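Below is the file final_21.tsv, which contains TSV, C-alpha atoms.
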chain	number	residue	atom	x	y	z
A	21	VAL	CA	-7.24	-5.46	-22.76
A	22	ASN	CA	-5.78	-4.60	-19.39
A	23	SER	CA	-2.27	-5.62	-20.44
A	24	LEU	CA	-2.54	-3.54	-23.62
A	25	ARG	CA	-3.60	-0.54	-21.59
A	26	SER	CA	-0.65	-1.12	-19.29
A	27	VAL	CA	1.72	-1.13	-22.28
A	28	GLU	CA	0.18	2.05	-23.66
A	29	ARG	CA	0.51	3.77	-20.30
A	30	ALA	CA	4.07	2.56	-19.81
A	31	ALA	CA	5.03	3.99	-23.20
A	32	ARG	CA	4.12	7.48	-21.99
A	33	PHE	CA	6.63	7.36	-19.12
A	34	GLU	CA	10.37	7.18	-19.26
A	35	ILE	CA	11.75	4.75	-16.70
A	36	GLN	CA	14.41	6.38	-14.54
A	37	ARG	CA	17.16	3.90	-13.73
A	38	HIS	CA	19.56	4.57	-10.87
A	39	ALA	CA	21.97	2.94	-8.44
A	40	ALA	CA	22.45	3.65	-4.74
A	41	VAL	CA	26.06	3.03	-3.69
A	42	LEU	CA	26.42	1.61	-0.18
A	43	ASN	CA	29.25	2.04	2.31
A	44	ASP	CA	30.52	-1.44	1.46
A	45	GLY	CA	30.68	-0.57	-2.25
A	46	THR	CA	27.61	-2.55	-3.29
A	47	GLU	CA	25.43	-0.85	-5.92
A	48	LEU	CA	21.69	-1.31	-5.47
A	49	TYR	CA	19.63	-0.90	-8.61
A	50	TYR	CA	16.37	1.02	-8.43
A	51	GLU	CA	13.84	2.56	-10.79
A	52	VAL	CA	11.60	5.58	-10.29
A	53	ASP	CA	8.19	6.17	-11.82
A	54	GLU	CA	7.37	9.83	-11.44
A	55	ALA	CA	3.83	11.06	-10.98
A	56	GLU	CA	2.31	12.32	-14.21
A	57	PRO	CA	2.29	16.12	-14.37
A	58	ASP	CA	-1.20	17.40	-13.63
A	59	SER	CA	-3.00	18.87	-16.62
A	60	GLY	CA	-4.82	21.25	-14.34
A	61	ASP	CA	-8.06	19.36	-13.95
A	62	GLY	CA	-6.64	16.33	-12.09
A	63	THR	CA	-8.02	13.94	-14.75
A	64	ARG	CA	-5.32	11.28	-14.42
A	65	ARG	CA	-5.42	11.19	-10.64
A	66	ARG	CA	-9.20	10.95	-10.56
A	67	ARG	CA	-8.90	7.66	-12.44
A	68	LEU	CA	-7.39	6.11	-9.31
A	69	PHE	CA	-8.49	8.24	-6.37
A	70	GLY	CA	-11.45	10.29	-7.61
A	71	ARG	CA	-9.52	13.56	-7.28
A	72	ARG	CA	-6.03	14.97	-7.35
A	73	ALA	CA	-3.70	13.64	-4.64
A	74	PRO	CA	-3.45	16.42	-2.03
A	75	ALA	CA	0.16	15.77	-0.97
A	76	PRO	CA	3.35	14.62	-2.70
A	77	VAL	CA	4.38	11.14	-1.63
A	78	THR	CA	6.87	8.48	-2.66
A	79	VAL	CA	5.80	4.84	-2.43
A	80	VAL	CA	8.82	2.53	-1.98
A	81	PHE	CA	8.32	-1.13	-2.91
A	82	SER	CA	10.58	-3.85	-1.43
A	83	HIS	CA	10.43	-7.36	-2.91
A	84	GLY	CA	10.83	-10.79	-1.37
A	85	TYR	CA	13.46	-13.54	-1.17
A	86	CYS	CA	14.60	-14.94	-4.54
A	87	LEU	CA	12.45	-12.37	-6.38
A	88	ASN	CA	13.10	-8.89	-7.73
A	89	GLN	CA	11.27	-5.63	-8.27
A	90	ASP	CA	9.36	-7.11	-11.22
A	91	SER	CA	7.21	-9.04	-8.73
A	92	TRP	CA	5.22	-5.77	-8.39
A	93	HIS	CA	4.39	-5.81	-12.13
A	94	PHE	CA	0.62	-5.39	-11.81
A	95	GLN	CA	0.73	-2.85	-8.99
A	96	ARG	CA	3.30	-0.84	-10.93
A	97	ALA	CA	1.10	-0.82	-14.01
A	98	ALA	CA	-1.83	0.47	-11.95
A	99	LEU	CA	0.10	3.17	-10.10
A	100	ARG	CA	2.32	4.38	-12.93
A	101	GLY	CA	1.92	8.13	-13.28
A	102	VAL	CA	-0.53	8.40	-10.39
A	103	VAL	CA	1.95	8.66	-7.51
A	104	ARG	CA	5.74	8.71	-7.40
A	105	CYS	CA	6.98	5.14	-6.90
A	106	VAL	CA	10.40	3.60	-6.30
A	107	TYR	CA	11.11	-0.06	-7.06
A	108	TRP	CA	14.44	-1.55	-6.04
A	109	ASP	CA	16.28	-4.86	-6.20
A	110	GLN	CA	17.63	-6.06	-2.88
A	111	ARG	CA	21.34	-6.82	-2.74
A	112	SER	CA	22.37	-9.88	-4.75
A	113	HIS	CA	18.90	-10.00	-6.34
A	114	GLY	CA	17.69	-8.83	-9.73
A	115	ARG	CA	19.88	-6.12	-11.23
A	116	SER	CA	21.61	-5.13	-7.98
A	117	GLU	CA	25.20	-6.13	-7.32
A	118	ARG	CA	26.27	-9.01	-5.16
A	119	GLY	CA	26.97	-7.99	-1.59
A	120	GLN	CA	30.65	-7.10	-1.30
A	121	GLU	CA	31.03	-9.05	1.95
A	122	GLN	CA	30.49	-12.31	0.06
A	123	ASN	CA	33.34	-14.04	-1.79
A	124	PRO	CA	31.83	-15.21	-5.11
A	125	GLU	CA	34.69	-17.67	-5.66
A	126	THR	CA	34.25	-19.64	-2.45
A	127	GLY	CA	30.74	-18.80	-1.31
A	128	ASP	CA	32.21	-17.87	2.08
A	129	GLY	CA	31.60	-14.62	3.87
A	130	THR	CA	29.35	-12.92	6.35
A	131	PRO	CA	25.74	-14.05	5.94
A	132	VAL	CA	23.34	-11.27	5.12
A	133	SER	CA	21.24	-10.09	8.05
A	134	ILE	CA	17.79	-8.54	7.97
A	135	ASP	CA	19.35	-5.51	9.71
A	136	ARG	CA	21.72	-5.16	6.76
A	137	LEU	CA	18.71	-5.09	4.43
A	138	GLY	CA	17.10	-2.40	6.56
A	139	ASP	CA	20.23	-0.29	6.13
A	140	ASP	CA	20.08	-0.95	2.39
A	141	LEU	CA	16.51	0.33	2.25
A	142	LYS	CA	17.58	3.48	4.10
A	143	ALA	CA	20.30	4.05	1.48
A	144	VAL	CA	17.79	3.67	-1.35
A	145	ILE	CA	15.43	6.13	0.35
A	146	ASP	CA	18.28	8.61	0.86
A	147	ALA	CA	19.13	8.38	-2.84
A	148	ALA	CA	15.65	8.16	-4.38
A	149	ALA	CA	13.45	10.09	-1.92
A	150	PRO	CA	15.62	12.28	0.32
A	151	GLU	CA	12.64	14.42	1.34
A	152	GLY	CA	8.87	14.30	1.50
A	153	PRO	CA	6.40	11.74	2.87
A	154	ILE	CA	6.93	8.04	2.22
A	155	VAL	CA	4.73	4.95	2.06
A	156	LEU	CA	6.64	1.69	2.62
A	157	VAL	CA	5.43	-1.48	0.89
A	158	GLY	CA	7.14	-4.82	1.52
A	159	HIS	CA	6.41	-8.40	0.51
A	160	SER	CA	7.88	-11.35	2.45
A	161	MET	CA	11.58	-10.54	2.96
A	162	GLY	CA	10.74	-7.03	1.81
A	163	GLY	CA	8.32	-6.68	4.71
A	164	MET	CA	11.08	-7.81	7.07
A	165	THR	CA	13.34	-5.21	5.49
A	166	VAL	CA	10.74	-2.55	6.27
A	167	MET	CA	10.60	-3.75	9.90
A	168	ALA	CA	14.41	-3.61	10.12
A	169	LEU	CA	14.33	-0.03	8.84
A	170	ALA	CA	11.86	0.85	11.59
A	171	ASP	CA	14.11	-0.81	14.15
A	172	ARG	CA	17.25	0.99	13.03
A	173	CYS	CA	15.83	4.34	11.93
A	174	PRO	CA	12.86	5.14	14.17
A	175	GLU	CA	13.24	8.85	13.49
A	176	LEU	CA	12.64	8.26	9.77
A	177	ILE	CA	9.42	6.40	10.55
A	178	ARG	CA	8.33	9.15	12.93
A	179	ASP	CA	9.16	12.10	10.69
A	180	ARG	CA	8.45	10.91	7.15
A	181	VAL	CA	6.56	7.63	6.85
A	182	VAL	CA	2.81	8.12	6.38
A	183	GLY	CA	1.75	4.55	5.60
A	184	VAL	CA	2.99	0.95	5.61
A	185	ALA	CA	1.90	-2.20	3.75
A	186	LEU	CA	3.15	-5.59	4.94
A	187	VAL	CA	2.28	-8.31	2.43
A	188	GLY	CA	2.79	-12.02	3.12
A	189	THR	CA	5.49	-11.42	5.69
A	190	SER	CA	6.49	-12.23	9.27
A	191	SER	CA	7.90	-10.48	12.32
A	192	GLY	CA	9.63	-13.64	13.58
A	193	LYS	CA	9.43	-17.34	14.51
A	194	LEU	CA	10.08	-18.45	10.93
A	195	GLY	CA	12.04	-21.37	12.33
A	196	GLU	CA	8.68	-22.90	13.28
A	197	VAL	CA	7.27	-22.90	9.73
A	198	ASN	CA	6.86	-26.42	8.33
A	199	TYR	CA	6.15	-25.45	4.68
A	200	GLY	CA	3.33	-27.94	4.50
A	201	LEU	CA	5.57	-30.86	5.43
A	202	PRO	CA	5.16	-33.34	8.32
A	203	VAL	CA	6.62	-31.90	11.52
A	204	ALA	CA	9.10	-34.72	12.04
A	205	GLY	CA	10.39	-34.44	8.50
A	206	MET	CA	10.68	-30.67	8.74
A	207	ASN	CA	12.71	-30.93	11.95
A	208	ALA	CA	15.22	-33.09	10.13
A	209	VAL	CA	15.32	-30.66	7.21
A	210	ARG	CA	16.02	-27.74	9.56
A	211	ARG	CA	19.03	-29.55	11.00
A	212	VAL	CA	20.72	-30.19	7.68
A	213	LEU	CA	19.47	-27.43	5.37
A	214	PRO	CA	21.86	-24.58	6.36
A	215	GLY	CA	24.93	-26.75	5.85
A	216	LEU	CA	23.50	-28.25	2.67
A	217	LEU	CA	22.77	-24.84	1.17
A	218	LYS	CA	26.27	-23.65	1.98
A	219	ALA	CA	27.77	-26.72	0.36
A	220	LEU	CA	25.60	-26.28	-2.70
A	221	GLY	CA	26.56	-22.61	-2.86
A	222	GLN	CA	30.20	-23.63	-3.12
A	223	ARG	CA	29.33	-25.77	-6.18
A	224	ALA	CA	27.08	-23.17	-7.78
A	225	ASP	CA	27.97	-24.00	-11.39
A	226	LEU	CA	27.14	-27.68	-10.90
A	227	VAL	CA	23.92	-26.88	-9.08
A	228	GLU	CA	22.76	-24.42	-11.73
A	229	ARG	CA	23.27	-27.06	-14.43
A	230	GLY	CA	21.22	-29.45	-12.34
A	231	ARG	CA	18.44	-26.90	-11.97
A	232	ARG	CA	18.26	-26.52	-15.72
A	233	ALA	CA	18.24	-30.28	-16.22
A	234	THR	CA	15.34	-30.70	-13.78
A	235	ALA	CA	13.44	-27.58	-14.87
A	236	ASP	CA	10.03	-29.27	-14.91
A	237	LEU	CA	10.40	-30.59	-11.37
A	238	PHE	CA	11.70	-27.23	-10.17
A	239	ALA	CA	8.78	-25.44	-11.84
A	240	GLY	CA	6.34	-27.69	-10.02
A	241	ILE	CA	7.94	-26.90	-6.66
A	242	ILE	CA	7.85	-23.16	-7.39
A	243	LYS	CA	4.19	-23.34	-8.35
A	244	ARG	CA	3.27	-25.23	-5.17
A	245	TYR	CA	4.98	-22.72	-2.89
A	246	SER	CA	4.02	-19.59	-4.85
A	247	PHE	CA	0.35	-20.05	-5.70
A	248	ALA	CA	-2.80	-21.60	-4.26
A	249	THR	CA	-4.92	-21.31	-7.41
A	250	ARG	CA	-4.71	-24.66	-9.20
A	251	ASP	CA	-5.31	-23.16	-12.63
A	252	VAL	CA	-3.05	-20.12	-12.28
A	253	ASP	CA	-2.31	-18.62	-15.68
A	254	PRO	CA	0.78	-20.33	-17.18
A	255	ALA	CA	2.20	-16.93	-18.12
A	256	ILE	CA	2.08	-15.84	-14.48
A	257	ALA	CA	3.59	-19.13	-13.28
A	258	ARG	CA	6.43	-18.89	-15.78
A	259	PHE	CA	7.02	-15.25	-14.85
A	260	ALA	CA	7.50	-16.28	-11.21
A	261	GLU	CA	9.74	-19.17	-12.25
A	262	ARG	CA	12.04	-16.86	-14.20
A	263	MET	CA	12.51	-14.58	-11.21
A	264	ILE	CA	13.22	-17.43	-8.80
A	265	GLU	CA	15.43	-19.32	-11.24
A	266	GLY	CA	17.40	-16.10	-11.73
A	267	THR	CA	18.54	-16.20	-8.10
A	268	PRO	CA	21.87	-18.12	-7.89
A	269	ILE	CA	22.02	-20.96	-5.38
A	270	ASP	CA	24.85	-19.28	-3.48
A	271	VAL	CA	22.61	-16.23	-2.95
A	272	VAL	CA	19.87	-18.54	-1.69
A	273	ALA	CA	22.38	-19.98	0.79
A	274	GLU	CA	23.73	-16.55	1.77
A	275	PHE	CA	20.32	-15.21	2.80
A	276	TYR	CA	18.70	-18.28	4.35
A	277	PRO	CA	20.21	-17.99	7.89
A	278	ALA	CA	18.78	-14.48	8.27
A	279	PHE	CA	15.21	-15.78	8.34
A	280	GLN	CA	15.89	-18.17	11.20
A	281	GLU	CA	17.26	-15.29	13.27
A	282	HIS	CA	14.68	-12.69	12.23
A	283	ASP	CA	12.71	-11.17	15.11
A	284	LYS	CA	11.32	-7.66	14.65
A	285	THR	CA	8.21	-7.89	16.81
A	286	VAL	CA	9.28	-4.93	18.94
A	287	ALA	CA	9.97	-2.84	15.83
A	288	LEU	CA	6.31	-3.12	14.84
A	289	THR	CA	5.46	-0.65	17.60
A	290	ARG	CA	6.94	2.07	15.38
A	291	PHE	CA	3.90	1.66	13.12
A	292	VAL	CA	1.19	1.82	15.76
A	293	GLU	CA	-0.02	5.33	14.93
A	294	LEU	CA	0.30	4.98	11.14
A	295	PRO	CA	-2.16	3.73	8.52
A	296	VAL	CA	-1.09	0.10	8.01
A	297	LEU	CA	-2.21	-2.64	5.64
A	298	VAL	CA	-1.44	-6.25	6.63
A	299	LEU	CA	-2.34	-8.63	3.80
A	300	ALA	CA	-1.74	-12.35	3.37
A	301	GLY	CA	-2.74	-15.28	1.21
A	302	GLU	CA	-4.86	-17.70	3.18
A	303	GLN	CA	-2.90	-20.69	1.81
A	304	ASP	CA	0.60	-19.22	2.00
A	305	LEU	CA	3.02	-22.06	2.85
A	306	VAL	CA	6.15	-19.87	3.03
A	307	THR	CA	5.00	-17.20	5.49
A	308	PRO	CA	1.71	-18.65	6.75
A	309	SER	CA	-1.18	-16.27	7.30
A	310	GLU	CA	-0.89	-16.83	11.06
A	311	HIS	CA	2.24	-14.67	10.94
A	312	SER	CA	0.26	-11.82	9.38
A	313	GLU	CA	-2.46	-12.34	11.97
A	314	ALA	CA	0.18	-11.95	14.69
A	315	ILE	CA	1.37	-8.70	13.12
A	316	ALA	CA	-2.19	-7.39	12.89
A	317	ALA	CA	-2.79	-8.29	16.53
A	318	LEU	CA	0.07	-5.98	17.50
A	319	LEU	CA	-1.29	-3.22	15.26
A	320	PRO	CA	-4.98	-3.12	16.23
A	321	ASP	CA	-5.78	-0.17	13.93
A	322	ALA	CA	-4.28	-1.86	10.88
A	323	GLU	CA	-6.45	-3.13	8.05
A	324	PHE	CA	-6.02	-6.92	7.98
A	325	VAL	CA	-6.88	-8.63	4.70
A	326	LEU	CA	-6.82	-12.41	4.30
A	327	VAL	CA	-7.13	-13.34	0.63
A	328	PRO	CA	-8.89	-16.67	-0.02
A	329	ASP	CA	-7.39	-19.08	-2.54
A	330	ALA	CA	-4.07	-17.23	-2.49
A	331	GLY	CA	-0.51	-18.37	-1.85
A	332	HIS	CA	2.76	-16.60	-1.19
A	333	LEU	CA	2.85	-14.56	-4.42
A	334	VAL	CA	-0.55	-13.03	-3.75
A	335	MET	CA	0.31	-9.82	-5.62
A	336	LEU	CA	0.69	-11.86	-8.83
A	337	GLU	CA	-2.04	-14.40	-8.13
A	338	HIS	CA	-4.73	-11.87	-7.12
A	339	PRO	CA	-3.30	-8.52	-8.25
A	340	GLU	CA	-6.65	-6.75	-8.24
A	341	VAL	CA	-7.11	-7.37	-4.51
A	342	VAL	CA	-3.61	-6.20	-3.60
A	343	THR	CA	-3.83	-3.14	-5.83
A	344	ASP	CA	-7.22	-2.10	-4.47
A	345	ARG	CA	-6.05	-2.45	-0.86
A	346	LEU	CA	-2.89	-0.45	-1.63
A	347	ALA	CA	-5.06	2.27	-3.17
A	348	ASP	CA	-7.11	2.41	0.01
A	349	LEU	CA	-3.93	2.55	2.10
A	350	LEU	CA	-2.75	5.54	0.08
A	351	ALA	CA	-6.15	7.11	0.65
A	352	ARG	CA	-5.87	6.60	4.41
A	353	ALA	CA	-2.34	8.01	4.27
A	354	GLY	CA	-3.75	11.25	2.83
A	355	VAL	CA	-3.00	10.63	-0.83
A	356	GLY	CA	-6.65	10.14	-1.83
A	357	PRO	CA	-10.20	9.83	-0.46
A	358	ALA	CA	-11.44	6.87	1.55
A	359	ALA	CA	-13.46	5.42	-1.33
A	360	ALA	CA	-10.41	4.80	-3.51
A	361	THR	CA	-10.69	2.04	-6.09
A	362	VAL	CA	-8.57	1.04	-9.04
A	363	GLY	CA	-10.40	0.75	-12.32
A	364	ILE	CA	-7.43	-0.11	-14.50
A	365	HIS	CA	-4.98	-2.81	-13.48
A	366	GLY	CA	-3.63	-6.12	-14.70
A	367	ASP	CA	-5.25	-9.42	-13.87
A	368	THR	CA	-4.30	-13.06	-13.98
A	369	GLY	CA	-6.29	-13.75	-17.12
A	370	SER	CA	-4.73	-14.73	-20.43
A	371	THR	CA	-4.42	-11.10	-21.54
A	372	ALA	CA	-1.94	-10.35	-18.77
A	373	GLN	CA	1.65	-10.61	-19.93
A	374	PRO	CA	4.04	-9.43	-17.20
A	375	GLY	CA	7.40	-8.36	-18.44
A	376	GLY	CA	10.73	-7.24	-17.08
Now that the file is in, can you turn its structure into structure tokens?
Amino acid sequence: VNSLRSVERAARFEIQRHAAVLNDGTELYYEVDEAEPDSGDGTRRRRLFGRRAPAPVTVVFSHGYCLNQDSWHFQRAALRGVVRCVYWDQRSHGRSERGQEQNPETGDGTPVSIDRLGDDLKAVIDAAAPEGPIVLVGHSMGGMTVMALADRCPELIRDRVVGVALVGTSSGKLGEVNYGLPVAGMNAVRRVLPGLLKALGQRADLVERGRRATADLFAGIIKRYSFATRDVDPAIARFAERMIEGTPIDVVAEFYPAFQEHDKTVALTRFVELPVLVLAGEQDLVTPSEHSEAIAALLPDAEFVLVPDAGHLVMLEHPEVVTDRLADLLARAGVGPAAATVGIHGDTGSTAQPGG
């Protein structure tokens, strides 16, 4: 039922597709869902917030590593028409172009930095939301991108950002994550993985054929590191697999070094006086919940939500929790009242069929 409602609602809105062109020539793909024009009685907005939103706002969603904007499927279905939302694909992910600094023939080039992603987010904001208040939402690498934006553009945070959501992300020390592996084994992996990924990136065609040949094994690995729920809906699991499988191995290699160097702890101070949501899956093996706890400790007024029985892709695994907390964040940011709840959203049941 929920998925059918989502389809019906989506049919009423024309998706606006755009590209932000960066200084290096890279085109970043983004889509805009405009707020539904008010009929005069605020009926549509009351469905989410209980009354008409008092101020125009753009909510900008940034996705994680090896994913794309479709990872926000359920949250997009819930918010469509209620508030203006921008969903974008980070460089070399989804429908965005490959970063121009990378040579696709050799796999050589300048590794992508988290600072570069922060600049990319600024370019998308300049193109999609050049004025008005903004709420920034980032998952995993997307949360790091939001932190990099704060580091590089503090005046934007001060003047325009009215709320921030950091979902399953980290402000640093990712080199200490063991991904559920024995410490000794993980230390060995850390020593060889950067060079191995680079080598694999230079044989991308061969590697991609191998990934297809070992699809079942790869799917099992994705499920382990994406979800904590043992009986996660197969449609949701396959949806996640398609996104991750769609990320070429040379892109995986190009981005990996950035996480080892990532440290934006100081940048978090830019958010101290803002409404902030820090949310994590309790069983996240990729960015363990301790990293979210560390962020929350530096932002004492933030709402910290630890979702039981949830892994890294918490917004797909428990979409109702993430959507409800985002609705409350928008309420605290002045978009709706404090008692905001979402009555219509997707879920992880068999009726939910996320699409592109």
Exercise for the section: Can you work out the spacing between CA of Ile154 (chain A) and CA of Thr189 (chain A) in Å, to one decimal? Expected result: 19.8 Å
Problem - Option closest in space to Glu261 (chain A), from A:Gln280, A:Phe324, A:Ile241, A:Val298 [counting all atoms listed in the file] - result: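 Closest to Glu261 (chain A), using all atoms listed in the file: A:Ile241.
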Exercise for the section: Could you tell me which of A:Asn43, A:Gln36, A:Gln303, A:Thr285 comes closest to Asp171 (chain A) if we count only C-alpha atoms? Expected result: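 So, comparing all the options, the nearest one is A:Thr285.
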Problem - Long-range neighbours of His159 (chain A) as a ChimeraX atom specification, 9 Å cut-off, all atoms listed in the file, 5 positions minimum in chain - result: /A:81-85,164,185-189,333,335
Problem - Of the listed residues A:Asp139, A:Glu54, A:Glu196, A:Glu47, that which approaches Ile35 (chain A) most closely, counting only C-alpha atoms - result: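 The answer is A:Glu54, which sits nearest to Ile35 (chain A).
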Handout entry: All residues 7 Å or closer to Pro328 (chain A), only C-alpha atoms, same chain fewer than 2 positions away omitted, as a list in words
Key =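 Contacts, in chain order: Gly301, Glu302, Leu326 and Ala330 of chain A.
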Exercise for the section: Choose the residue, out of A:Leu156, A:Leu319, A:Ala143, A:Gly138, that has the smallest atom-to-atom separation from Val286 (chain A); count all atoms listed in the file. Expected result: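 Once distances to Val286 (chain A) are computed over all atoms listed in the file, the minimum belongs to A:Leu319.
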Residues within 12 Å of Leu297 (chain A), only C-alpha atoms, excluding chain neighbours under 2 positions, as a PDB file with C-alpha atoms, in the coordinates of the input:
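The resulting result18.pdb:
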ATOM      1  CA  VAL A 155       4.730   4.950   2.060  1.00  0.00           C
ATOM      2  CA  LEU A 156       6.640   1.690   2.620  1.00  0.00           C
ATOM      3  CA  VAL A 157       5.430  -1.480   0.890  1.00  0.00           C
ATOM      4  CA  GLY A 158       7.140  -4.820   1.520  1.00  0.00           C
ATOM      5  CA  HIS A 159       6.410  -8.400   0.510  1.00  0.00           C
ATOM      6  CA  GLY A 163       8.320  -6.680   4.710  1.00  0.00           C
ATOM      7  CA  VAL A 182       2.810   8.120   6.380  1.00  0.00           C
ATOM      8  CA  GLY A 183       1.750   4.550   5.600  1.00  0.00           C
ATOM      9  CA  VAL A 184       2.990   0.950   5.610  1.00  0.00           C
ATOM     10  CA  ALA A 185       1.900  -2.200   3.750  1.00  0.00           C
ATOM     11  CA  LEU A 186       3.150  -5.590   4.940  1.00  0.00           C
ATOM     12  CA  VAL A 187       2.280  -8.310   2.430  1.00  0.00           C
ATOM     13  CA  GLY A 188       2.790 -12.020   3.120  1.00  0.00           C
ATOM     14  CA  THR A 189       5.490 -11.420   5.690  1.00  0.00           C
ATOM     15  CA  PHE A 291       3.900   1.660  13.120  1.00  0.00           C
ATOM     16  CA  VAL A 292       1.190   1.820  15.760  1.00  0.00           C
ATOM     17  CA  LEU A 294       0.300   4.980  11.140  1.00  0.00           C
ATOM     18  CA  PRO A 295      -2.160   3.730   8.520  1.00  0.00           C
ATOM     19  CA  LEU A 299      -2.340  -8.630   3.800  1.00  0.00           C
ATOM     20  CA  ALA A 300      -1.740 -12.350   3.370  1.00  0.00           C
ATOM     21  CA  SER A 312       0.260 -11.820   9.380  1.00  0.00           C
ATOM     22  CA  GLU A 313      -2.460 -12.340  11.970  1.00  0.00           C
ATOM     23  CA  ILE A 315       1.370  -8.700  13.120  1.00  0.00           C
ATOM     24  CA  ALA A 316      -2.190  -7.390  12.890  1.00  0.00           C
ATOM     25  CA  LEU A 319      -1.290  -3.220  15.260  1.00  0.00           C
ATOM     26  CA  PRO A 320      -4.980  -3.120  16.230  1.00  0.00           C
ATOM     27  CA  ASP A 321      -5.780  -0.170  13.930  1.00  0.00           C
ATOM     28  CA  ALA A 322      -4.280  -1.860  10.880  1.00  0.00           C
ATOM     29  CA  GLU A 323      -6.450  -3.130   8.050  1.00  0.00           C
ATOM     30  CA  PHE A 324      -6.020  -6.920   7.980  1.00  0.00           C
ATOM     31  CA  VAL A 325      -6.880  -8.630   4.700  1.00  0.00           C
ATOM     32  CA  LEU A 326      -6.820 -12.410   4.300  1.00  0.00           C
ATOM     33  CA  VAL A 342      -3.610  -6.200  -3.600  1.00  0.00           C
ATOM     34  CA  THR A 343      -3.830  -3.140  -5.830  1.00  0.00           C
ATOM     35  CA  ASP A 344      -7.220  -2.100  -4.470  1.00  0.00           C
ATOM     36  CA  ARG A 345      -6.050  -2.450  -0.860  1.00  0.00           C
ATOM     37  CA  LEU A 346      -2.890  -0.450  -1.630  1.00  0.00           C
ATOM     38  CA  ALA A 347      -5.060   2.270  -3.170  1.00  0.00           C
ATOM     39  CA  ASP A 348      -7.110   2.410   0.010  1.00  0.00           C
ATOM     40  CA  LEU A 349      -3.930   2.550   2.100  1.00  0.00           C
ATOM     41  CA  LEU A 350      -2.750   5.540   0.080  1.00  0.00           C
ATOM     42  CA  ALA A 351      -6.150   7.110   0.650  1.00  0.00           C
ATOM     43  CA  ARG A 352      -5.870   6.600   4.410  1.00  0.00           C
ATOM     44  CA  ALA A 353      -2.340   8.010   4.270  1.00  0.00           C
TER      45      ALA A 353
END
Practice task
Tell me, as a list in words, which residues lie within 6 Å of Tyr50 (chain A), counting all atoms listed in the file; anything in the same chain fewer than 4 positions away does not count.
Solution key: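 Those residues are His38, Ala39, Tyr107 and Trp108 of chain A.
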Edge lengths and centre, in Å to one decimal, as JSON: that's what I need for the box along x, y and z that holds all listed atoms of region 74-83 of chain A plus 4 Å on each side.
{"center_x": 3.6, "center_y": 4.5, "center_z": -1.9, "size_x": 22.0, "size_y": 31.8, "size_z": 9.9}
Practice task
State, in Å with one decimal place, the distance from CA of Glu117 (chain A) to CA of Lys243 (chain A).
Solution key: 27.2 Å
Handout entry: Near-region 146-151 of chain A list (9 Å; all atoms listed in the file; drop same-chain fewer than 4 positions) as a list in words
Key =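 Once the adjacent positions are removed, what remains is His38, Ala39, Ala40, Val41, Tyr50, Glu51, Val52, Thr78, Val80, Val106, Leu141, Lys142 and Arg180 of chain A.
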Practice task
Report the distance between CA of Ala314 (chain A) and CA of Ile134 (chain A) in Å, rounded to one decimal place.
Solution key: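 So the two atoms, CA of Ala314 (chain A) and CA of Ile134 (chain A), lie 19.2 Å apart.
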Handout entry: Pick from A:Ile242, A:Ala248, A:Leu99, A:Val306 nearest to Asp329 (chain A), counting all atoms listed in the file
Key = A:Ala248
Problem - Residue with smallest distance to Glu310 (chain A) - pool A:Gly192, A:Asp179, A:Gln89, A:Pro153, counting all atoms listed in the file - result: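 Among the listed residues, A:Gly192 lies closest to Glu310 (chain A).
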